[in-house]
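This is model-v1.cif (mmCIF, C-alpha atoms).
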```cif
data_upload
#
loop_
_atom_site.label_atom_id
_atom_site.label_comp_id
_atom_site.auth_asym_id
_atom_site.auth_seq_id
_atom_site.Cartn_x
_atom_site.Cartn_y
_atom_site.Cartn_z
CA MET M 1 -15.38 -35.90 -13.09
CA THR M 2 -13.14 -38.53 -14.55
CA PRO M 3 -13.84 -38.56 -18.23
CA SER M 4 -13.97 -41.87 -19.98
CA ARG M 5 -12.25 -42.28 -23.29
CA PRO M 6 -14.33 -42.39 -26.42
CA SER M 7 -13.46 -45.01 -28.94
CA GLY M 8 -10.88 -44.15 -31.51
CA ALA M 9 -13.16 -44.66 -34.47
CA ILE M 10 -12.44 -42.27 -37.29
CA SER M 11 -15.52 -40.57 -38.61
CA GLY M 12 -14.11 -37.96 -40.95
CA ALA M 13 -11.56 -37.33 -43.61
CA VAL M 14 -7.96 -37.35 -42.56
CA SER M 15 -6.50 -35.00 -45.10
CA GLY M 16 -7.11 -31.28 -45.54
CA ARG M 17 -10.71 -30.33 -46.06
CA ALA M 18 -11.18 -27.36 -48.28
CA ASP M 19 -14.75 -26.16 -48.28
CA GLN M 20 -15.35 -26.56 -51.99
CA SER M 21 -18.86 -25.20 -52.02
CA LEU M 22 -17.69 -22.08 -50.27
CA ARG M 23 -14.70 -21.69 -52.54
CA ALA M 24 -16.88 -22.00 -55.61
CA THR M 25 -19.01 -19.05 -54.62
CA LEU M 26 -16.19 -16.77 -53.60
CA THR M 27 -15.23 -13.72 -55.59
CA PRO M 28 -11.59 -13.69 -56.69
CA SER M 29 -10.83 -11.34 -53.85
CA LYS M 30 -12.44 -13.61 -51.31
CA LYS M 31 -10.79 -16.67 -52.77
CA GLN M 32 -7.59 -15.03 -51.81
CA HIS M 33 -8.89 -14.65 -48.28
CA ALA M 34 -9.94 -18.26 -48.15
CA MET M 35 -6.55 -19.43 -49.31
CA SER M 36 -4.90 -17.36 -46.65
CA THR M 37 -7.06 -18.71 -43.88
CA THR M 38 -7.36 -22.41 -44.55
CA ALA M 39 -4.98 -23.41 -41.80
CA VAL M 40 -7.89 -24.46 -39.66
CA ASP M 41 -8.86 -27.02 -42.25
CA LEU M 42 -5.51 -28.66 -42.43
CA VAL M 43 -4.95 -31.85 -40.57
CA VAL M 44 -1.36 -32.19 -39.52
CA PRO M 45 0.40 -35.47 -38.80
CA ALA M 46 -0.71 -37.10 -35.62
CA SER M 47 2.68 -36.79 -33.98
CA SER M 48 2.57 -33.03 -34.05
CA ALA M 49 -1.16 -32.46 -34.04
CA ALA M 50 -1.48 -32.08 -30.31
CA ARG M 51 1.41 -29.70 -29.86
CA PRO M 52 -0.65 -26.54 -29.43
CA ALA M 53 -2.74 -28.26 -26.82
CA ASN M 54 0.37 -29.83 -25.34
CA SER M 55 2.15 -26.56 -24.96
CA HIS M 56 -0.77 -25.04 -23.10
CA PHE M 57 -1.12 -28.11 -20.95
CA LEU M 58 2.57 -28.18 -20.14
CA ARG M 59 2.56 -24.52 -19.27
CA THR M 60 -0.36 -25.03 -16.90
CA ARG M 61 1.38 -28.02 -15.37
CA LYS M 62 4.55 -26.03 -14.91
CA TYR M 63 2.60 -23.29 -13.20
CA ARG M 64 1.12 -25.84 -10.83
CA GLN M 65 4.36 -27.64 -10.11
CA ASN M 66 6.58 -24.61 -9.84
CA PRO M 67 4.70 -21.32 -9.78
CA ALA M 68 7.98 -19.39 -9.81
CA LEU M 69 8.36 -20.40 -13.45
CA ALA M 70 5.31 -18.39 -14.38
CA MET M 71 7.12 -15.17 -13.68
CA LYS M 72 10.01 -16.20 -15.90
CA MET M 73 7.83 -16.98 -18.88
CA PRO M 74 6.86 -14.09 -21.09
CA PRO M 75 3.28 -13.53 -20.02
CA VAL M 76 1.85 -12.71 -23.39
CA TYR M 77 2.99 -14.04 -26.73
CA THR M 78 0.27 -12.86 -28.94
CA MET M 79 0.14 -11.09 -32.21
CA LEU M 80 -2.48 -9.01 -33.80
CA SER M 81 -1.80 -8.42 -37.43
CA VAL M 82 -3.37 -6.51 -40.26
CA TYR M 83 -2.55 -7.80 -43.69
CA GLU M 84 -2.95 -6.32 -47.10
CA VAL M 85 -3.16 -9.41 -49.22
CA GLY M 86 -2.11 -9.59 -52.81
CA ARG M 87 -1.17 -5.99 -53.41
CA LYS M 88 1.70 -6.14 -55.88
CA GLN M 89 2.48 -9.54 -54.41
CA THR M 90 3.58 -7.93 -51.19
CA ARG M 91 2.06 -8.07 -47.83
CA THR M 92 1.83 -5.38 -45.24
CA GLU M 93 1.57 -6.47 -41.69
CA VAL M 94 1.00 -4.24 -38.75
CA ALA M 95 1.77 -5.89 -35.48
CA VAL M 96 -0.37 -4.26 -32.89
CA ALA M 97 0.20 -4.13 -29.17
CA ILE M 98 1.65 -6.50 -26.76
CA SER M 99 3.66 -8.96 -28.68
CA ARG M 100 6.63 -9.81 -30.72
CA PRO M 101 5.95 -9.83 -34.45
CA SER M 102 6.80 -12.60 -36.83
CA THR M 103 9.93 -12.40 -38.90
CA ALA M 104 8.32 -12.27 -42.32
CA ARG M 105 10.56 -10.20 -44.57
CA THR M 106 7.68 -8.63 -46.43
CA ALA M 107 6.12 -7.24 -43.30
CA ARG M 108 6.16 -3.71 -42.04
CA TYR M 109 5.62 -3.42 -38.33
CA THR M 110 3.93 -0.63 -36.50
CA ALA M 111 3.50 -0.61 -32.77
CA ALA M 112 0.01 0.29 -31.67
CA THR M 113 -2.56 -0.86 -29.18
CA ALA M 114 -5.18 -3.49 -29.76
CA ASP M 115 -8.00 -0.98 -29.59
CA ARG M 116 -6.39 1.74 -31.70
CA PHE M 117 -4.81 0.80 -35.01
CA GLU M 118 -2.84 3.99 -35.39
CA GLY M 119 -1.48 4.58 -38.86
CA VAL M 120 -3.94 2.25 -40.57
CA GLU M 121 -6.36 4.07 -42.84
CA ASP M 122 -10.10 3.48 -42.98
CA ASP M 123 -11.32 0.85 -45.47
CA SER M 124 -7.75 0.05 -46.40
CA VAL M 125 -7.11 -3.63 -45.67
CA ASP M 126 -8.43 -7.01 -46.74
CA LEU M 127 -7.78 -9.12 -43.69
CA VAL M 128 -7.45 -8.60 -39.97
CA PHE M 129 -6.05 -11.62 -38.20
CA ALA M 130 -6.03 -11.97 -34.44
CA GLY M 131 -4.61 -15.33 -33.48
CA GLN M 132 -4.89 -16.27 -29.80
CA THR M 133 -5.28 -12.62 -28.96
CA THR M 134 -8.75 -11.58 -27.87
CA GLU M 135 -8.52 -13.59 -24.65
CA HIS M 136 -5.72 -11.26 -23.50
CA LEU M 137 -7.81 -8.11 -23.79
CA TRP M 138 -9.75 -6.25 -21.15
CA ALA M 139 -13.35 -5.36 -21.92
CA HIS M 140 -12.73 -1.90 -23.38
CA GLU M 141 -9.87 -3.28 -25.50
CA LEU M 142 -12.00 -6.07 -26.94
CA THR M 143 -14.74 -3.60 -27.84
CA GLY M 144 -12.18 -1.23 -29.34
CA PHE M 145 -10.49 -3.99 -31.29
CA LEU M 146 -13.71 -5.06 -33.00
CA LEU M 147 -14.59 -1.46 -33.82
CA GLN M 148 -11.11 -0.84 -35.21
CA ALA M 149 -11.28 -4.00 -37.29
CA HIS M 150 -14.51 -2.72 -38.79
CA ARG M 151 -12.92 0.68 -39.43
CA VAL M 152 -9.83 -0.51 -41.29
CA LEU M 153 -11.39 -3.35 -43.28
CA HIS M 154 -13.16 -2.60 -46.50
CA VAL M 155 -16.61 -4.04 -47.10
CA ASP M 156 -16.28 -7.82 -47.62
CA GLY M 157 -12.92 -7.76 -45.87
CA LEU M 158 -12.28 -10.62 -43.51
CA LEU M 159 -11.81 -10.68 -39.75
CA VAL M 160 -10.21 -13.95 -38.69
CA MET M 161 -9.75 -14.93 -35.07
CA ASP M 162 -9.02 -17.98 -33.04
CA SER M 163 -9.16 -18.32 -29.29
CA PRO M 164 -9.42 -20.87 -26.48
CA ASN M 165 -13.06 -21.81 -26.03
CA MET J 1 -14.18 -25.62 -22.29
CA THR J 2 -11.20 -24.04 -20.53
CA GLU J 3 -13.31 -23.97 -17.39
CA HIS J 4 -14.27 -27.62 -17.69
CA LEU J 5 -10.61 -28.48 -18.17
CA THR J 6 -9.52 -26.27 -15.27
CA TRP J 7 -7.08 -24.86 -17.73
CA THR J 8 -5.46 -21.49 -17.36
CA HIS J 9 -2.99 -19.05 -18.79
CA GLY J 10 -1.64 -16.32 -16.56
CA GLY J 11 -2.01 -13.67 -19.23
CA HIS J 12 -5.66 -14.27 -20.07
CA THR J 13 -8.55 -12.11 -18.99
CA ILE J 14 -11.58 -14.20 -19.92
CA GLU J 15 -12.05 -16.78 -22.63
CA ILE J 16 -15.35 -16.60 -24.47
CA SER J 17 -17.13 -19.12 -26.65
CA ALA J 18 -17.61 -18.96 -30.40
CA PRO J 19 -21.35 -18.18 -30.09
CA GLU J 20 -20.51 -15.33 -27.73
CA MET J 21 -17.92 -13.97 -30.14
CA GLY J 22 -20.50 -14.39 -32.91
CA GLU J 23 -22.80 -12.03 -31.04
CA LEU J 24 -20.03 -9.50 -30.65
CA VAL J 25 -18.93 -9.46 -34.27
CA ASP J 26 -22.56 -9.10 -35.33
CA LEU J 27 -22.87 -6.01 -33.15
CA ALA J 28 -19.58 -4.76 -34.61
CA GLY J 29 -20.95 -4.93 -38.17
CA PHE J 30 -19.71 -8.34 -39.33
CA ASP J 31 -21.40 -11.49 -40.60
CA VAL J 32 -19.99 -14.76 -39.34
CA GLU J 33 -18.97 -16.75 -42.39
CA ARG J 34 -17.41 -19.80 -40.85
CA VAL J 35 -16.65 -21.25 -37.43
CA ARG J 36 -14.42 -24.25 -36.92
CA GLY J 37 -13.07 -26.06 -33.89
CA VAL J 38 -9.60 -27.30 -33.08
CA TRP J 39 -9.02 -30.34 -30.84
CA ARG J 40 -12.27 -31.88 -29.66
CA CYS J 41 -12.45 -32.24 -25.89
CA ARG J 42 -16.14 -32.77 -25.10
CA PHE J 43 -17.79 -36.02 -26.13
CA ASP J 44 -21.46 -35.75 -25.11
CA ASP J 45 -21.28 -35.35 -21.34
CA ARG J 46 -17.65 -36.45 -21.09
CA VAL J 47 -14.73 -34.06 -21.16
CA MET J 48 -11.32 -35.42 -22.05
CA GLU J 49 -8.14 -33.91 -20.68
CA LEU J 50 -6.09 -32.02 -23.24
CA GLU J 51 -3.47 -34.72 -23.55
CA GLU J 52 -5.66 -37.70 -22.91
CA GLY J 53 -5.27 -40.36 -25.55
CA VAL J 54 -2.45 -38.69 -27.44
CA SER J 55 -0.59 -41.98 -27.57
CA ASP J 56 -3.52 -43.46 -29.47
CA PRO J 57 -3.17 -42.30 -33.10
CA ALA J 58 -6.77 -43.13 -33.96
CA LEU J 59 -8.08 -41.09 -31.08
CA VAL J 60 -5.77 -38.20 -31.94
CA VAL J 61 -7.08 -38.19 -35.49
CA ARG J 62 -10.64 -38.38 -34.23
CA ARG J 63 -10.16 -35.44 -31.87
CA ILE J 64 -8.69 -33.38 -34.71
CA VAL J 65 -11.20 -34.32 -37.39
CA GLU J 66 -14.32 -34.15 -35.28
CA GLY J 67 -13.20 -30.95 -33.59
CA GLY J 68 -13.43 -29.12 -36.90
CA GLU J 69 -17.17 -29.54 -37.06
CA ARG J 70 -17.72 -29.02 -33.33
CA PRO J 71 -16.25 -25.71 -32.22
CA ASP J 72 -18.37 -25.70 -29.07
CA ASP J 73 -16.86 -29.02 -28.05
CA SER J 74 -13.31 -28.05 -28.92
CA PHE J 75 -10.49 -26.44 -27.02
CA VAL J 76 -10.02 -23.68 -29.60
CA TRP J 77 -12.48 -22.05 -31.97
CA TRP J 78 -11.61 -20.38 -35.26
CA MET J 79 -13.90 -17.79 -36.81
CA ASP J 80 -14.03 -16.03 -40.18
CA ALA J 81 -16.28 -12.95 -40.16
CA VAL J 82 -16.98 -10.70 -43.14
CA ARG J 83 -17.13 -6.95 -42.74
CA THR J 84 -20.51 -5.66 -43.92
CA ASP J 85 -21.69 -2.12 -44.65
CA ARG J 86 -23.68 -2.14 -41.39
CA GLU J 87 -22.51 0.45 -38.92
CA PRO J 88 -21.31 -1.04 -35.62
CA ARG J 89 -23.77 -0.72 -32.75
CA GLU J 90 -21.06 0.61 -30.50
CA ARG J 91 -23.02 1.12 -27.30
CA GLU J 92 -24.68 -2.30 -27.47
CA LEU J 93 -21.34 -3.90 -28.28
CA ALA J 94 -19.63 -2.32 -25.28
CA ALA J 95 -22.52 -3.31 -23.03
CA ARG J 96 -22.48 -6.93 -24.23
CA VAL J 97 -18.71 -7.21 -23.82
CA GLN J 98 -18.99 -5.86 -20.29
CA GLN J 99 -21.83 -8.30 -19.62
CA LEU J 100 -19.60 -11.20 -20.67
CA PHE J 101 -16.78 -9.96 -18.46
CA ASP J 102 -19.17 -9.63 -15.53
CA ALA J 103 -20.45 -13.16 -16.14
CA HIS J 104 -17.09 -14.86 -16.60
CA TRP J 105 -14.54 -12.90 -14.60
CA ASN J 106 -15.17 -14.39 -11.17
CA THR J 107 -15.18 -17.94 -12.47
CA ARG J 108 -11.88 -17.12 -14.19
CA VAL J 109 -10.48 -15.84 -10.90
CA CYS J 110 -11.54 -18.97 -9.05
CA ARG J 111 -10.38 -21.48 -11.64
CA GLY J 112 -8.55 -24.27 -9.90
CA MET J 113 -10.23 -23.62 -6.57
CA TRP J 114 -13.46 -25.44 -7.25
CA SER J 115 -15.12 -27.63 -9.81
CA GLY J 116 -16.91 -24.89 -11.72
CA PRO J 117 -20.38 -23.47 -12.24
CA ASP J 118 -22.09 -26.82 -11.61
CA SER J 119 -21.23 -26.37 -7.95
CA ASP J 120 -22.34 -23.48 -5.80
CA GLY J 121 -19.58 -23.75 -3.25
CA LEU J 122 -16.64 -25.35 -1.60
CA ASP J 123 -16.93 -27.51 1.53
CA LEU J 124 -14.46 -26.53 4.22
CA ASP J 125 -13.52 -29.72 5.98
CA PRO J 126 -13.63 -29.47 9.78
CA ASP J 127 -11.18 -32.36 10.19
CA ARG J 128 -8.23 -30.54 8.70
CA LYS J 129 -6.03 -28.59 11.04
CA GLN J 130 -5.15 -26.04 8.46
CA LEU J 131 -6.94 -25.14 5.31
CA THR J 132 -5.25 -23.59 2.32
CA VAL J 133 -7.04 -22.88 -0.93
CA THR J 134 -5.02 -21.57 -3.84
CA GLY J 135 -6.18 -20.60 -7.28
CA LEU J 136 -4.38 -20.83 -10.59
CA PRO J 137 -2.41 -17.93 -12.05
CA MET J 138 -4.33 -14.95 -13.36
CA MET J 139 -3.66 -11.27 -13.80
CA LEU J 140 -4.89 -8.10 -12.17
CA HIS J 141 -4.58 -4.68 -13.75
CA PRO J 142 -3.34 -1.68 -11.76
CA GLY J 143 -5.88 -0.03 -9.52
CA ARG J 144 -8.06 -0.81 -6.54
CA TRP J 145 -9.89 -4.10 -6.17
CA ARG J 146 -12.44 -5.56 -3.76
CA LEU J 147 -12.38 -9.23 -2.77
CA THR J 148 -15.42 -10.72 -1.02
CA LEU J 149 -15.88 -14.11 0.61
CA GLU J 150 -19.33 -15.38 1.54
CA LEU J 151 -20.38 -18.52 3.39
CA ILE J 152 -23.40 -20.55 2.34
CA GLU J 153 -23.23 -22.66 5.53
CA GLY J 154 -21.54 -21.94 8.82
CA ALA J 155 -20.29 -18.61 10.08
CA LEU J 156 -17.05 -16.70 9.82
CA SER J 157 -16.51 -17.39 13.51
CA ASP J 158 -16.07 -21.06 12.51
CA LEU J 159 -12.98 -20.10 10.53
CA PRO J 160 -10.45 -18.88 13.09
CA GLY J 161 -7.33 -17.45 11.59
CA LEU J 162 -8.94 -16.85 8.21
CA HIS J 163 -6.46 -14.99 6.09
CA VAL J 164 -6.32 -14.06 2.42
CA ASP J 165 -3.20 -13.22 0.44
CA ILE J 166 -2.77 -12.15 -3.15
CA MET J 167 0.19 -14.22 -4.22
CA ALA J 168 2.71 -14.19 -7.01
CA PRO J 169 4.48 -17.39 -7.99
CA GLY J 170 7.26 -18.31 -5.63
CA ASP J 171 5.09 -17.68 -2.58
CA GLN J 172 5.63 -13.97 -2.89
CA VAL J 173 2.88 -12.11 -1.09
CA MET J 174 1.79 -9.16 -3.19
CA ASN J 175 -1.09 -8.06 -1.00
CA SER J 176 -1.83 -9.33 2.48
CA LEU J 177 -5.45 -8.59 3.25
CA ASP J 178 -5.59 -7.69 6.92
CA ASP J 179 -8.30 -5.17 7.64
CA PRO J 180 -11.66 -5.97 6.10
CA VAL J 181 -13.82 -3.10 4.96
CA GLU J 182 -17.03 -5.02 5.60
CA VAL J 183 -17.79 -7.95 7.92
CA SER J 184 -20.97 -9.77 8.82
CA ASP J 185 -21.69 -13.29 10.09
CA ARG J 186 -21.22 -14.84 6.68
CA ARG J 187 -19.65 -12.19 4.50
CA ILE J 188 -16.32 -10.41 4.57
CA SER J 189 -14.74 -7.96 2.11
CA TRP J 190 -11.31 -6.48 1.71
CA GLU J 191 -10.02 -3.80 -0.61
CA PHE J 192 -6.51 -3.76 -1.96
CA GLU J 193 -4.45 -1.81 -4.45
CA ARG J 194 -2.26 -3.10 -7.23
CA PRO J 195 0.28 -0.46 -8.26
CA ASN J 196 1.08 -2.24 -11.50
CA LEU J 197 -0.15 -4.98 -13.77
CA VAL J 198 1.00 -8.33 -12.45
CA PHE J 199 0.69 -11.56 -14.36
CA ALA J 200 0.21 -14.95 -12.80
CA LEU J 201 -1.31 -13.72 -9.60
CA MET J 202 -3.19 -16.16 -7.49
CA ILE J 203 -5.19 -15.96 -4.32
CA ARG J 204 -4.35 -18.00 -1.24
CA ARG J 205 -6.84 -18.33 1.56
CA THR J 206 -5.85 -20.04 4.77
CA ALA J 207 -7.64 -20.83 7.99
CA ASP J 208 -6.09 -22.43 11.07
CA CYS J 209 -8.90 -24.92 11.31
CA VAL J 210 -12.59 -25.19 10.68
CA SER J 211 -14.46 -25.74 13.94
CA ARG J 212 -17.77 -26.69 12.30
CA PRO J 213 -18.69 -27.69 8.77
CA ALA J 214 -18.78 -24.64 6.57
CA ARG J 215 -19.36 -24.05 2.89
CA LEU J 216 -17.78 -21.19 1.01
CA ALA J 217 -19.84 -19.69 -1.80
CA MET J 218 -18.21 -19.94 -5.20
CA PRO J 219 -17.14 -18.15 -7.20
CA ILE J 220 -15.71 -15.61 -4.82
CA SER J 221 -15.93 -12.04 -5.97
CA VAL J 222 -12.82 -10.12 -7.05
CA GLN J 223 -14.02 -6.93 -8.68
CA PRO J 224 -12.09 -3.90 -9.90
CA LEU J 225 -12.97 -0.61 -8.22
CA ASP J 226 -10.94 1.25 -10.84
CA PRO J 227 -11.22 0.60 -14.57
CA PRO J 228 -8.21 -0.77 -16.45
CA PRO J 229 -5.80 1.89 -17.69
CA GLY J 230 -6.97 3.32 -20.97
CA ALA J 231 -10.61 2.45 -20.41
#
```
How would this structure read if it were set down as structure tokens?
Amino acid sequence: MTPSRPSGAISGAVSGRADQSLRATLTPSKKQHAMSTTAVDLVVPASSAARPANSHFLRTRKYRQNPALAMKMPPVYTMLSVYEVGRKQTRTEVAVAISRPSTARTARYTAATADRFEGVEDDSVDLVFAGQTTEHLWAHELTGFLLQAHRVLHVDGLLVMDSPN
Amino acid sequence: MTEHLTWTHGGHTIEISAPEMGELVDLAGFDVERVRGVWRCRFDDRVMELEEGVSDPALVVRRIVEGGERPDDSFVWWMDAVRTDREPRERELAARVQQLFDAHWNTRVCRGMWSGPDSDGLDLDPDRKQLTVTGLPMMLHPGRWRLTLELIEGALSDLPGLHVDIMAPGDQVMNSLDDPVEVSDRRISWEFERPNLVFALMIRRTADCVSRPARLAMPISVQPLDPPPGA
């Protein structure tokens, strides 16, 4: 199928869209969560907006044009992190499994697998973030990850994920 | 959406939709609080390429803004789920995850070979002297696997020289499938072993020629005989 191009009419706001009604009903603790997870609502300048999509597209194109490149590219750059938000203005981050962690100075890193958050106590964290991660997991790992997220989060804690559709 | 776009990443297993993930988190004891989309790709029955229209600022803005409200039509979904005091329904969760893998794995394997679930097969053109069909990169975990080809039309005897290789980029043959474990008029299966996890594998099927019109059933089946390590 050769898709046709829709018109470029703008039908929504261009700037960041905070969900005010949601924010208004949040407890202080959950406000903190919301503030830490509003990236999805931000609209970045047009020139850089398509970069995530671009990078995936370019990688696919490189695979097609020169499959040998695929073996030279790190196969998985994904991070699974557990944050403790707002505790004495520090943040604890546990990078789990297959990836390289970020370089945040306030983070503490612990190697573990995606389906076994070793060293993280039950009901002990506010936010589990898995960005572009779940699509790298085998079935038993995905099941284990969701169960572990439930184990380490306290009630009303937030599980945040994004993934290719 | 990734399937519609024939998009791939060598390190992915399967990509699931936001509604599917919503089911899973519910079984795991969460309530979905918010779902958003990033980068709208589907416009009614039209699917735009990832980079299509990026030189048109208005269209770029539209794809960003409208994607937020349409996660099902977007390339990426974003989900916030709140942990409840419900206990996870572990057995049901594991069963549903496995169900999703069973449903999506073969289409993932065959991405790039054919147009997707709207088509039941791939026509093998009798006019071509040699036929090569190659998929996009994927990964296979260590263990034994079974690959099965089935014809909807024609017979295997119409495909002289049929050969299947498991390839790594750079035309490196990882597994050459020579001796089938099962053969009938229209169906043939091989088993092979992967000693280690390999990313960016692809499958290459070649035939010297096709003597009569034939149609290969899609997706082909590539199923693990051993579970992934740690399962």
Review point. Care to translate the PyMOL selection byres ((chain M and resi 165) around 7) into actual residues of this file, as a count of residues only?
Key: 12
Practice item. List the residues matched by the PyMOL selection byres ((chain J) within 7 of (chain M)) in the displayed structure as a ChimeraX atom specification, ordered by chain and then by residue number. Key: /J:1-2,7-18,25,28-29,46-48,50-51,57-62,65-66,74-85,88,93-94,97-98,101,169-170,199-200,231
Check your understanding: Can you list, as a ChimeraX atom specification, every protein, DNA or RNA residue that comes within 6 Å of Val164 of chain J when you count only C-alpha atoms, leaving out same-chain residues fewer than 3 positions away?
Key -> /J:177,204-205
Point to revise | Residues matched by the PyMOL selection byres ((chain J and resi 151) around 9) as a ChimeraX atom specification | key: /J:121,149-150,152-156,185-187,214-218
Those same residues, written as an mmCIF file, in the frame of the given file with C-alpha atoms?
```
data_model
loop_
_atom_site.group_PDB
_atom_site.id
_atom_site.type_symbol
_atom_site.label_atom_id
_atom_site.label_comp_id
_atom_site.auth_asym_id
_atom_site.auth_seq_id
_atom_site.Cartn_x
_atom_site.Cartn_y
_atom_site.Cartn_z
ATOM 1 C CA GLY J 121 -19.580 -23.750 -3.250
ATOM 2 C CA LEU J 149 -15.880 -14.110 0.610
ATOM 3 C CA GLU J 150 -19.330 -15.380 1.540
ATOM 4 C CA ILE J 152 -23.400 -20.550 2.340
ATOM 5 C CA GLU J 153 -23.230 -22.660 5.530
ATOM 6 C CA GLY J 154 -21.540 -21.940 8.820
ATOM 7 C CA ALA J 155 -20.290 -18.610 10.080
ATOM 8 C CA LEU J 156 -17.050 -16.700 9.820
ATOM 9 C CA ASP J 185 -21.690 -13.290 10.090
ATOM 10 C CA ARG J 186 -21.220 -14.840 6.680
ATOM 11 C CA ARG J 187 -19.650 -12.190 4.500
ATOM 12 C CA ALA J 214 -18.780 -24.640 6.570
ATOM 13 C CA ARG J 215 -19.360 -24.050 2.890
ATOM 14 C CA LEU J 216 -17.780 -21.190 1.010
ATOM 15 C CA ALA J 217 -19.840 -19.690 -1.800
ATOM 16 C CA MET J 218 -18.210 -19.940 -5.200
#
```
Review point. So which one's closest to Leu159 of chain J, J:Asp118, J:Glu33, J:Glu90, J:Asp125? Using only C-alpha atoms, please.
Key: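 Closest residue, counting only C-alpha atoms: J:Asp125.
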Review point. Suppose you want the space between atom CA of Cys41 of chain J and atom CA of Thr6 of chain J; what is it in Å?
Key: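 Separating atom CA of Cys41 of chain J from atom CA of Thr6 of chain J is a distance of 12.5 Å.
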Check your understanding: Smallest atom-to-atom distance to Arg108 of chain J: which of J:Met202, J:Val32, J:Ile188, J:Leu225, using all atoms listed in the file?
Key ->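 Using all atoms listed in the file, Arg108 of chain J sits closest to J:Met202.
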Point to revise | Å distance separating atom CA of Gly119 of chain M from atom CA of Gly230 of chain J, one decimal place | key: 18.8 Å
Neighbours of segment 132-143 of chain J within 6 Å (all atoms listed in the file; same-chain residues fewer than 5 positions away dropped), as an mmCIF file with C-alpha atoms, in the coordinates of the input?
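For reference, out24.cif as written:
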```cif
data_model
loop_
_atom_site.group_PDB
_atom_site.id
_atom_site.type_symbol
_atom_site.label_atom_id
_atom_site.label_comp_id
_atom_site.auth_asym_id
_atom_site.auth_seq_id
_atom_site.Cartn_x
_atom_site.Cartn_y
_atom_site.Cartn_z
ATOM 1 C CA GLY J 10 -1.640 -16.320 -16.560
ATOM 2 C CA CYS J 110 -11.540 -18.970 -9.050
ATOM 3 C CA GLY J 112 -8.550 -24.270 -9.900
ATOM 4 C CA MET J 113 -10.230 -23.620 -6.570
ATOM 5 C CA GLU J 193 -4.450 -1.810 -4.450
ATOM 6 C CA ARG J 194 -2.260 -3.100 -7.230
ATOM 7 C CA PRO J 195 0.280 -0.460 -8.260
ATOM 8 C CA ASN J 196 1.080 -2.240 -11.500
ATOM 9 C CA LEU J 197 -0.150 -4.980 -13.770
ATOM 10 C CA VAL J 198 1.000 -8.330 -12.450
ATOM 11 C CA PHE J 199 0.690 -11.560 -14.360
ATOM 12 C CA ALA J 200 0.210 -14.950 -12.800
ATOM 13 C CA LEU J 201 -1.310 -13.720 -9.600
ATOM 14 C CA MET J 202 -3.190 -16.160 -7.490
ATOM 15 C CA ILE J 203 -5.190 -15.960 -4.320
ATOM 16 C CA ARG J 204 -4.350 -18.000 -1.240
ATOM 17 C CA ARG J 205 -6.840 -18.330 1.560
ATOM 18 C CA THR J 206 -5.850 -20.040 4.770
ATOM 19 C CA ASP J 226 -10.940 1.250 -10.840
ATOM 20 C CA PRO J 228 -8.210 -0.770 -16.450
#
```
Review point. Counting all atoms listed in the file, what is within 10 Å of Ser176 of chain J, bar same-chain residues fewer than 5 positions away, as number ranges by chain?
Key: J: 163-167, 190, 192, 204
Review point. So how many Å separate atom CA of Pro117 of chain J and atom CA of Ala103 of chain J, to one decimal?
Key: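 If I compute the distance from atom CA of Pro117 of chain J to atom CA of Ala103 of chain J, I get 11.0 Å.
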